file model_8.txt (compact mmCIF, C-alpha atoms)
# COMPACT_ATOMS: atom_id res chain seq x y z
CA MET A 1 35.75 -10.91 29.14
CA ALA A 2 33.91 -9.88 25.97
CA ALA A 3 30.30 -8.81 26.26
CA PRO A 4 27.80 -11.26 24.84
CA PRO A 5 26.45 -10.35 21.40
CA PRO A 6 23.03 -8.68 21.34
CA PRO A 7 20.08 -10.92 20.53
CA PRO A 8 18.85 -10.94 16.89
CA SER A 9 15.69 -9.11 17.93
CA ALA A 10 17.78 -6.10 18.98
CA GLY A 11 19.26 -5.83 15.50
CA LEU A 12 15.83 -6.23 13.93
CA ILE A 13 14.43 -3.38 16.02
CA ARG A 14 17.31 -1.11 15.06
CA HIS A 15 16.80 -1.73 11.36
CA LEU A 16 13.00 -1.93 11.49
CA GLY A 17 11.91 0.39 8.71
CA PRO A 18 8.49 1.75 7.73
CA ASN A 19 8.42 -0.76 4.85
CA TRP A 20 7.20 -3.39 7.31
CA TYR A 21 3.79 -1.73 7.34
CA ALA A 22 3.31 -3.17 3.85
CA SER A 23 2.67 -6.55 5.47
CA VAL A 24 -0.22 -5.05 7.44
CA MET A 25 -1.64 -3.48 4.29
CA GLY A 26 -1.35 -6.73 2.38
CA THR A 27 -3.10 -8.68 5.13
CA ALA A 28 -5.90 -6.15 5.65
CA ILE A 29 -6.74 -5.98 1.94
CA VAL A 30 -7.37 -9.73 1.90
CA ALA A 31 -10.18 -9.12 4.40
CA ASN A 32 -11.49 -5.92 2.80
CA ALA A 33 -11.58 -7.35 -0.71
CA GLY A 34 -12.91 -10.73 0.36
CA VAL A 35 -15.96 -9.39 2.17
CA ALA A 36 -17.30 -7.74 -1.01
CA LEU A 37 -16.38 -10.52 -3.43
CA PRO A 38 -19.32 -10.78 -5.91
CA VAL A 39 -19.59 -14.57 -5.64
CA HIS A 40 -20.90 -16.64 -2.78
CA VAL A 41 -18.27 -18.79 -1.11
CA ARG A 42 -19.11 -20.72 2.03
CA GLY A 43 -17.12 -19.47 5.01
CA ALA A 44 -15.88 -16.38 3.13
CA HIS A 45 -17.09 -14.00 5.84
CA THR A 46 -15.31 -15.92 8.59
CA PHE A 47 -12.21 -16.02 6.41
CA SER A 48 -12.31 -12.22 6.10
CA LEU A 49 -12.82 -11.85 9.85
CA VAL A 50 -9.70 -13.89 10.52
CA PHE A 51 -7.62 -11.74 8.21
CA TRP A 52 -9.01 -8.52 9.67
CA ALA A 53 -8.14 -9.71 13.19
CA LEU A 54 -4.67 -10.76 12.05
CA SER A 55 -4.05 -7.39 10.40
CA ALA A 56 -5.19 -5.56 13.55
CA VAL A 57 -2.77 -7.58 15.70
CA MET A 58 0.05 -7.02 13.21
CA LEU A 59 -0.64 -3.29 13.23
CA ALA A 60 -0.55 -3.12 17.03
CA VAL A 61 2.72 -5.07 17.17
CA LEU A 62 4.37 -2.95 14.48
CA LEU A 63 3.24 0.35 16.01
CA THR A 64 4.78 -0.75 19.29
CA ALA A 65 7.98 -1.95 17.67
CA ARG A 66 8.34 1.23 15.64
CA ALA A 67 7.80 3.34 18.77
CA VAL A 68 10.64 1.42 20.43
CA HIS A 69 12.72 1.95 17.29
CA TRP A 70 12.24 5.73 17.44
CA ALA A 71 12.92 5.82 21.20
CA ARG A 72 16.06 3.64 21.18
CA HIS A 73 17.53 4.37 17.76
CA PRO A 74 16.71 7.97 16.80
CA ASP A 75 19.86 8.12 14.67
CA GLN A 76 18.66 5.25 12.51
CA ALA A 77 15.17 6.74 12.34
CA ARG A 78 16.67 10.02 11.12
CA ASP A 79 18.73 8.15 8.54
CA HIS A 80 15.54 6.53 7.24
CA LEU A 81 13.97 9.94 6.70
CA LEU A 82 17.07 11.21 4.92
CA ASP A 83 17.37 8.15 2.70
CA PRO A 84 15.44 8.70 -0.56
CA ALA A 85 15.01 4.95 -0.91
CA VAL A 86 13.42 4.47 2.53
CA ALA A 87 11.55 7.72 3.21
CA PRO A 88 8.69 7.01 0.73
CA PHE A 89 7.71 3.98 2.80
CA TYR A 90 6.28 6.31 5.43
CA GLY A 91 3.22 6.33 3.21
CA CYS A 92 2.75 2.71 4.24
CA LEU A 93 2.06 3.75 7.84
CA SER A 94 -0.91 5.82 6.68
CA MET A 95 -2.26 3.05 4.45
CA ALA A 96 -1.87 0.41 7.16
CA LEU A 97 -3.92 2.51 9.58
CA LEU A 98 -6.57 3.20 6.95
CA ALA A 99 -6.79 -0.40 5.72
CA VAL A 100 -7.29 -1.83 9.21
CA GLY A 101 -9.81 0.91 10.00
CA GLY A 102 -11.76 0.17 6.84
CA GLY A 103 -11.73 -3.53 7.64
CA THR A 104 -13.13 -2.73 11.08
CA MET A 105 -16.17 -1.15 9.43
CA LEU A 106 -16.54 -3.85 6.78
CA VAL A 107 -16.10 -7.00 8.88
CA GLY A 108 -14.86 -6.12 12.35
CA LYS A 109 -18.23 -4.62 13.31
CA ASP A 110 -19.64 -8.14 13.46
CA VAL A 111 -17.27 -8.88 16.33
CA ILE A 112 -16.97 -5.62 18.27
CA GLY A 113 -20.31 -4.05 17.39
CA LEU A 114 -21.21 -1.19 15.06
CA HIS A 115 -20.69 1.64 17.56
CA ALA A 116 -17.21 0.44 18.55
CA ALA A 117 -16.35 -0.12 14.87
CA VAL A 118 -17.32 3.46 14.02
CA VAL A 119 -15.17 4.78 16.87
CA VAL A 120 -12.16 2.65 15.92
CA ASP A 121 -12.44 3.47 12.23
CA SER A 122 -12.89 7.18 12.95
CA VAL A 123 -9.69 7.27 15.00
CA LEU A 124 -7.72 5.26 12.44
CA PHE A 125 -9.16 7.21 9.50
CA VAL A 126 -8.36 10.62 10.98
CA THR A 127 -4.89 9.53 12.06
CA GLY A 128 -4.12 7.72 8.82
CA THR A 129 -5.38 10.60 6.69
CA ALA A 130 -3.31 13.13 8.65
CA VAL A 131 -0.19 10.97 8.31
CA GLY A 132 -0.90 10.38 4.62
CA LEU A 133 -1.34 14.07 3.80
CA LEU A 134 1.78 14.91 5.77
CA ALA A 135 3.76 12.24 3.91
CA ALA A 136 2.37 13.41 0.55
CA VAL A 137 3.86 16.85 1.23
CA ALA A 138 6.90 16.11 3.40
CA ILE A 139 8.45 13.23 1.43
CA PRO A 140 8.49 15.05 -1.93
CA TYR A 141 9.83 18.10 -0.09
CA LEU A 142 12.66 16.05 1.41
CA MET A 143 13.38 14.55 -2.01
CA VAL A 144 13.73 18.03 -3.48
CA GLU A 145 15.52 19.79 -0.64
CA SER A 146 17.45 17.14 1.32
CA HIS A 147 17.86 13.96 -0.69
CA ARG A 148 20.50 13.58 -3.35
CA ILE A 149 19.02 11.61 -6.19
CA ARG A 150 20.89 10.64 -9.31
CA PRO A 151 19.28 10.96 -12.75
CA GLY A 152 17.58 7.77 -13.87
CA SER A 153 17.00 6.49 -10.33
CA ALA A 154 13.20 6.85 -10.31
CA SER A 155 11.46 3.94 -8.61
CA PRO A 156 7.81 2.87 -8.23
CA VAL A 157 8.44 3.21 -4.48
CA TRP A 158 8.19 6.98 -5.00
CA LEU A 159 4.45 6.51 -5.53
CA LEU A 160 3.82 5.32 -1.97
CA PRO A 161 3.34 8.73 -0.28
CA LEU A 162 1.05 9.81 -3.12
CA VAL A 163 -1.21 6.75 -2.92
CA ALA A 164 -2.04 7.25 0.77
CA PRO A 165 -4.58 10.08 0.19
CA MET A 166 -6.30 7.90 -2.41
CA VAL A 167 -6.76 5.18 0.21
CA SER A 168 -8.39 7.80 2.45
CA ALA A 169 -10.61 8.80 -0.46
CA ALA A 170 -11.74 5.20 -0.98
CA LEU A 171 -12.38 4.36 2.68
CA GLY A 172 -13.75 7.69 3.93
CA PRO A 173 -17.24 7.11 2.44
CA LEU A 174 -17.73 4.23 4.89
CA LEU A 175 -18.10 6.82 7.66
CA ILE A 176 -20.48 9.17 5.83
CA PRO A 177 -23.72 7.45 6.97
CA HIS A 178 -22.57 7.81 10.59
CA LEU A 179 -22.11 11.58 10.43
CA PRO A 180 -24.83 14.20 11.01
CA PRO A 181 -26.70 14.94 7.76
CA GLY A 182 -25.87 18.12 5.92
CA GLN A 183 -22.55 19.88 6.18
CA TRP A 184 -20.66 17.06 7.90
CA GLN A 185 -21.57 14.40 5.37
CA ARG A 186 -21.08 16.70 2.42
CA ALA A 187 -17.71 17.91 3.72
CA LEU A 188 -16.41 14.35 4.12
CA LEU A 189 -17.62 13.30 0.65
CA LEU A 190 -16.09 16.31 -1.08
CA GLY A 191 -12.98 16.05 1.09
CA CYS A 192 -12.52 12.48 -0.12
CA TYR A 193 -13.09 13.67 -3.69
CA THR A 194 -10.40 16.30 -3.15
CA MET A 195 -7.93 13.66 -2.00
CA PHE A 196 -8.93 11.58 -5.03
CA GLY A 197 -7.83 14.43 -7.30
CA LEU A 198 -4.72 15.19 -5.27
CA SER A 199 -3.47 11.62 -5.47
CA MET A 200 -4.38 10.91 -9.07
CA LEU A 201 -2.94 14.12 -10.50
CA ALA A 202 0.28 13.64 -8.54
CA THR A 203 0.48 10.06 -9.85
CA LEU A 204 0.02 11.29 -13.43
CA VAL A 205 2.99 13.62 -12.90
CA LEU A 206 5.26 10.94 -11.43
CA LEU A 207 4.31 7.82 -13.42
CA PRO A 208 5.94 8.99 -16.69
CA VAL A 209 9.19 9.50 -14.78
CA VAL A 210 9.05 5.94 -13.46
CA PHE A 211 8.17 4.44 -16.84
CA GLY A 212 10.84 6.57 -18.48
CA ARG A 213 13.44 4.88 -16.30
CA MET A 214 12.07 1.49 -17.34
CA VAL A 215 12.45 2.36 -21.02
CA THR A 216 15.72 4.30 -21.06
CA GLY A 217 17.43 2.59 -18.13
CA PRO A 218 19.05 1.72 -15.93
CA ARG A 219 16.82 -1.29 -15.34
CA LEU A 220 15.42 -2.04 -11.95
CA PRO A 221 17.55 -4.73 -10.29
CA LEU A 222 15.94 -8.05 -9.52
CA ALA A 223 15.24 -7.30 -5.86
CA LEU A 224 13.07 -4.29 -6.72
CA THR A 225 11.14 -5.89 -9.58
CA PRO A 226 8.00 -6.56 -7.45
CA THR A 227 7.69 -2.81 -6.81
CA LEU A 228 6.33 -2.47 -10.35
CA PHE A 229 3.03 -3.68 -8.91
CA LEU A 230 2.88 -0.52 -6.77
CA VAL A 231 1.66 1.33 -9.85
CA LEU A 232 -1.58 -0.63 -9.52
CA GLY A 233 -2.23 1.04 -6.16
CA PRO A 234 -3.39 4.47 -7.36
CA LEU A 235 -5.16 2.89 -10.35
CA GLY A 236 -7.20 0.26 -8.53
CA GLN A 237 -7.80 2.43 -5.49
CA SER A 238 -9.05 5.33 -7.61
CA VAL A 239 -11.57 3.05 -9.34
CA THR A 240 -12.66 1.83 -5.91
CA ALA A 241 -12.99 5.42 -4.68
CA ALA A 242 -15.07 6.47 -7.68
CA ASN A 243 -17.49 3.61 -7.04
CA LYS A 244 -17.68 4.43 -3.32
CA PHE A 245 -18.52 8.06 -4.17
CA ALA A 246 -21.41 6.81 -6.31
CA ASP A 247 -22.72 4.74 -3.39
CA ALA A 248 -22.43 7.56 -0.85
CA ALA A 249 -23.54 10.59 -2.91
CA PRO A 250 -27.35 10.09 -3.01
CA GLY A 251 -28.90 12.13 -0.21
CA VAL A 252 -25.59 13.85 0.56
CA VAL A 253 -25.27 16.15 -2.46
CA GLN A 254 -27.93 17.50 -4.81
CA PRO A 255 -29.36 15.01 -7.35
CA PRO A 256 -27.44 16.33 -10.40
CA TYR A 257 -24.13 15.88 -8.56
CA ALA A 258 -25.14 12.50 -7.19
CA GLU A 259 -25.89 11.40 -10.74
CA GLY A 260 -22.53 12.81 -11.78
CA PHE A 261 -20.77 10.64 -9.21
CA ARG A 262 -22.72 7.61 -10.47
CA MET A 263 -21.60 8.36 -14.02
CA LEU A 264 -18.01 8.96 -12.86
CA ALA A 265 -17.87 5.44 -11.40
CA VAL A 266 -18.31 3.92 -14.87
CA ILE A 267 -16.92 6.60 -17.19
CA TYR A 268 -13.72 6.86 -15.13
CA GLY A 269 -13.55 3.35 -13.73
CA VAL A 270 -13.78 1.31 -16.92
CA PRO A 271 -10.83 2.86 -18.84
CA VAL A 272 -8.63 3.12 -15.75
CA MET A 273 -9.28 -0.52 -14.93
CA GLY A 274 -8.27 -1.30 -18.50
CA PHE A 275 -4.94 0.46 -18.01
CA ALA A 276 -4.51 -1.30 -14.66
CA LEU A 277 -4.89 -4.66 -16.40
CA LEU A 278 -2.35 -3.63 -19.02
CA TRP A 279 0.13 -2.70 -16.30
CA PHE A 280 -0.68 -5.90 -14.38
CA ALA A 281 0.21 -7.99 -17.43
CA PHE A 282 3.40 -5.96 -17.99
CA ALA A 283 4.47 -6.28 -14.34
CA CYS A 284 3.77 -10.03 -14.34
CA ALA A 285 5.92 -10.50 -17.45
CA VAL A 286 8.82 -8.59 -15.91
CA LEU A 287 8.37 -10.51 -12.64
CA VAL A 288 8.55 -13.87 -14.40
CA ARG A 289 11.71 -12.76 -16.19
CA ALA A 290 13.28 -11.61 -12.93
CA ARG A 291 12.40 -14.88 -11.25
CA ARG A 292 14.05 -16.83 -14.05
CA LEU A 293 17.15 -14.69 -13.63
CA GLY A 294 17.38 -15.65 -9.97
CA MET A 295 15.32 -13.09 -8.05
CA ARG A 296 15.15 -14.15 -4.40
CA PHE A 297 12.68 -13.25 -1.70
CA SER A 298 12.76 -9.83 -0.09
CA LEU A 299 10.18 -7.64 1.61
CA THR A 300 9.40 -6.04 -1.76
CA TRP A 301 7.32 -9.13 -2.49
CA TRP A 302 4.59 -7.58 -0.31
CA ALA A 303 4.07 -5.18 -3.23
CA LEU A 304 2.23 -8.07 -4.89
CA THR A 305 -0.59 -7.88 -2.33
CA PHE A 306 -2.15 -4.51 -1.48
CA PRO A 307 -1.99 -2.96 -4.99
CA VAL A 308 -3.59 -6.07 -6.51
CA GLY A 309 -6.19 -5.98 -3.74
CA THR A 310 -7.20 -2.46 -4.75
CA CYS A 311 -7.86 -3.77 -8.25
CA VAL A 312 -10.07 -6.46 -6.70
CA THR A 313 -12.18 -3.85 -4.90
CA GLY A 314 -12.24 -1.73 -8.05
CA ALA A 315 -13.52 -4.67 -10.10
CA GLU A 316 -16.11 -5.41 -7.41
CA GLY A 317 -17.41 -1.84 -7.65
CA LEU A 318 -17.58 -1.99 -11.44
CA ALA A 319 -19.44 -5.30 -11.25
CA GLN A 320 -22.02 -3.60 -9.03
CA HIS A 321 -22.46 -0.45 -11.13
CA THR A 322 -22.28 -1.98 -14.61
CA GLY A 323 -23.97 -5.31 -13.92
CA LEU A 324 -21.40 -7.03 -16.13
CA THR A 325 -20.46 -10.58 -15.21
CA VAL A 326 -16.98 -10.10 -16.66
CA TYR A 327 -16.08 -7.78 -13.78
CA ARG A 328 -17.30 -10.33 -11.26
CA TRP A 329 -14.96 -12.95 -12.65
CA LEU A 330 -12.17 -10.41 -12.96
CA ALA A 331 -12.54 -9.74 -9.23
CA VAL A 332 -12.42 -13.48 -8.52
CA PHE A 333 -9.31 -13.97 -10.67
CA LEU A 334 -7.45 -11.06 -9.08
CA TYR A 335 -8.49 -12.19 -5.60
CA ALA A 336 -7.05 -15.65 -6.29
CA PHE A 337 -3.79 -13.96 -7.33
CA LEU A 338 -3.92 -11.87 -4.14
CA LEU A 339 -4.31 -14.96 -1.95
CA ALA A 340 -1.41 -16.73 -3.65
CA ALA A 341 0.79 -13.64 -3.32
CA TRP A 342 -0.13 -13.18 0.34
CA ALA A 343 0.54 -16.83 1.18
CA THR A 344 3.95 -16.66 -0.50
CA ALA A 345 5.01 -13.36 1.06
CA ALA A 346 3.69 -14.23 4.52
CA SER A 347 5.29 -17.68 4.69
CA LEU A 348 8.68 -16.46 3.49
CA THR A 349 8.55 -13.45 5.82
CA ALA A 350 7.77 -15.73 8.76
CA ARG A 351 10.69 -17.95 7.80
CA GLY A 352 12.97 -14.94 7.56
CA LEU A 353 11.92 -13.75 11.01
CA TRP A 354 12.48 -17.21 12.46
CA THR A 355 15.96 -17.54 10.97
CA GLY A 356 16.99 -13.93 11.65
CA ALA A 357 17.53 -13.26 7.95
CA PHE A 358 16.16 -9.72 8.20
CA VAL A 359 18.89 -8.58 10.59
CA PRO A 360 21.61 -6.97 8.43
CA ALA A 361 24.98 -8.63 8.84
CA ALA A 362 26.99 -5.71 7.50
CA THR A 363 26.70 -1.96 7.15
CA PRO A 364 26.00 -1.95 3.40
CA ALA A 365 22.79 -3.88 4.04
CA GLU A 366 21.38 -0.83 5.77
CA ASP A 367 21.01 0.91 2.41
CA THR A 368 18.62 -1.60 0.88
CA GLY A 369 15.95 0.95 0.26
CA GLY A 370 13.59 -0.83 2.60
CA VAL A 371 13.98 -4.07 0.70
CA GLY A 372 14.94 -6.23 3.65
CA ALA A 373 16.75 -8.70 1.43
CA THR A 374 17.38 -12.12 2.86
CA GLU A 375 20.73 -12.64 1.16
CA GLY A 376 23.85 -10.51 1.01
CA THR A 377 23.73 -10.47 -2.78
CA GLU A 378 20.13 -9.27 -2.72
CA ALA A 379 21.05 -6.49 -0.32
CA ALA A 380 23.87 -5.34 -2.56
CA GLU A 381 21.57 -5.52 -5.56
CA ALA A 382 18.95 -3.41 -3.84
CA THR A 383 21.60 -0.92 -2.80
CA GLU A 384 22.61 -0.49 -6.41
CA ALA A 385 18.94 -0.01 -7.33
CA THR A 386 18.38 2.86 -4.96
CA GLU A 387 21.28 4.80 -6.47
CA ALA A 388 21.14 7.01 -3.42
CA THR A 389 24.63 6.50 -2.07
CA ALA A 390 25.15 10.17 -1.35
CA ARG A 391 23.30 11.34 1.72
CA ARG A 392 22.93 14.72 3.30
CA PRO A 393 25.74 15.29 5.85

call {"tool": "encode", "arguments": {"input": "model_8.txt", "output": "structure tokens"}}
result
Amino acid sequence: MAAPPPPPSAGLIRHLGPNWYASVMGTAIVANAGVALPVHVRGAHTFSLVFWALSAVMLAVLLTARAVHWARHPDQARDHLLDPAVAPFYGCLSMALLAVGGGTMLVGKDVIGLHAAVVVDSVLFVTGTAVGLLAAVAIPYLMVESHRIRPGSASPVWLLPLVAPMVSAALGPLLIPHLPPGQWQRALLLGCYTMFGLSMLATLVLLPVVFGRMVTGPRLPLALTPTLFLVLGPLGQSVTAANKFADAAPGVVQPPYAEGFRMLAVIYGVPVMGFALLWFAFACAVLVRARRLGMRFSLTWWALTFPVGTCVTGAEGLAQHTGLTVYRWLAVFLYAFLLAAWATAASLTARGLWTGAFVPAATPAEDTGGVGATEGTEAAEATEATEATARRP
């Protein structure tokens, strides 16, 4: 008598990749960006609280599921690390921890209390920063030493490990007022500034490679088109970080340096936000084209959430430090886009979980580069996009 087939959940756990943390990031940024929105909307704070709580629950569930994945399927976990299309998604673990921790300080404190919020955020910040710095070093190292990558296969996904330290840089200042004055506060501020430079300079090195692939080919396949929005992550988050430095610097560093941070928020933030808007328009145009050509839903659609959310928080900071109304309305416009993107990605992800569409039906679907395509054709398309068919023995 043949053994009964395993339940769909067993297959999902086996193939549960680090890309799923993007859903936590996308949910947390709705709360973090909404709480600082520069317009008054009735019920907005409660709305943000709901999304923070949802992101915290999602993080707890995913951490548990991923622990089971590592315990029961170490071979698959090792394959993920050795796959150049999947390994960069380990940066998402860091950013999920950091985003939920930041949300705890911004809105969660109203539920659990300030002291508990500081403790929770401290644990998540330290853990997320450690994971992010490790990923920023280890993933590029694996790409150089262990992964076999074909020329012209650069993908915006490669940016993920490099963005994680920038998220730490943007959210670390929330903890500065709760540290002892003097060395501790100054060390955290300058440590965040160091991670700001680390992430941005690394992005400046990698971004031309990604854009070069877009210009000279081969083109990204339809399933990976939403990953173009990942470029907004280091841009929007760096503008957010620069504005947070300006808020935290007075009383922490000497007045000339505090004034320098205040100037940096505008002198750096305004042109970088301009480039972010240029890339946003470019990515939207390519996305519309891909949709017309038949692009179907995959987990890459979560790339439309967190990176756009960082541009919302960046615009909010510029509205505060420039006093310009245009940045207030820019934040509102981008937040509306974020909500629409989140609602689309969340509803289609829930449907995919309900129908079992995320459980690969065949071996080739395992090489989707973390896409989690819902159709066999999408999986094959994503496989072609990764161009990483040769793995280390």

call {"tool": "closest_residue", "arguments": {"input": "model_8.txt", "among": "A:Met166, A:Leu220, A:Leu190, A:Leu338", "to": "A:Thr240", "atoms": "only C-alpha atoms"}}
result
A:Met166

call {"tool": "atom_distance", "arguments": {"input": "model_8.txt", "atom1": "atom CA of A:Gly26", "atom2": "atom CA of A:Phe306"}}
result
4.5 Å

call {"tool": "atom_distance", "arguments": {"input": "model_8.txt", "atom1": "atom CA of A:Val123", "atom2": "atom CA of A:Val107"}}
result
16.8 Å

call {"tool": "atom_distance", "arguments": {"input": "model_8.txt", "atom1": "atom CA of A:Thr305", "atom2": "atom CA of A:Ala341"}}
result
6.0 Å

call {"tool": "closest_residue", "arguments": {"input": "model_8.txt", "among": "A:Leu201, A:Ala87, A:Leu16, A:Leu54", "to": "A:His69", "atoms": "all atoms listed in the file"}}
result
A:Leu16

call {"tool": "residues_around", "arguments": {"input": "model_8.txt", "residues": "stretch 130-147 of chain A", "least_positions_apart": "5", "cutoff": "7 Å", "atoms": "only C-alpha atoms", "output": "NGL selection string"}}
result
:A and (82-84 or 87-88 or 90-91 or 94 or 161-162 or 164-165 or 391-392)

call {"tool": "residues_around", "arguments": {"input": "model_8.txt", "residues": "A:Ala56", "least_positions_apart": "4", "cutoff": "7 Å", "atoms": "only C-alpha atoms", "output": "PyMOL selection string"}}
result
chain A and resi 52+60+100

call {"tool": "write_last_selection", "arguments": {"input": "model_8.txt", "atoms": "C-alpha atoms", "output": "PDB file, in the coordinates of the input"}}
result
ATOM      1  CA  TRP A  52      -9.010  -8.520   9.670  1.00  0.00           C
ATOM      2  CA  ALA A  60      -0.550  -3.120  17.030  1.00  0.00           C
ATOM      3  CA  VAL A 100      -7.290  -1.830   9.210  1.00  0.00           C
TER       4      VAL A 100
END

call {"tool": "residues_around", "arguments": {"input": "model_8.txt", "residues": "A:Tyr268", "least_positions_apart": "6", "cutoff": "12 Å", "atoms": "only C-alpha atoms", "output": "PyMOL selection string"}}
result
chain A and resi 200+235-236+238-243+246+260-262+274-275+314+318

call {"tool": "residues_around", "arguments": {"input": "model_8.txt", "residues": "A:Pro156", "least_positions_apart": "2", "cutoff": "12 Å", "atoms": "only C-alpha atoms", "output": "PyMOL selection string"}}
result
chain A and resi 85+88-89+153-154+158-163+203+206-214+220+224-234+283+300+303+307+369+385-386
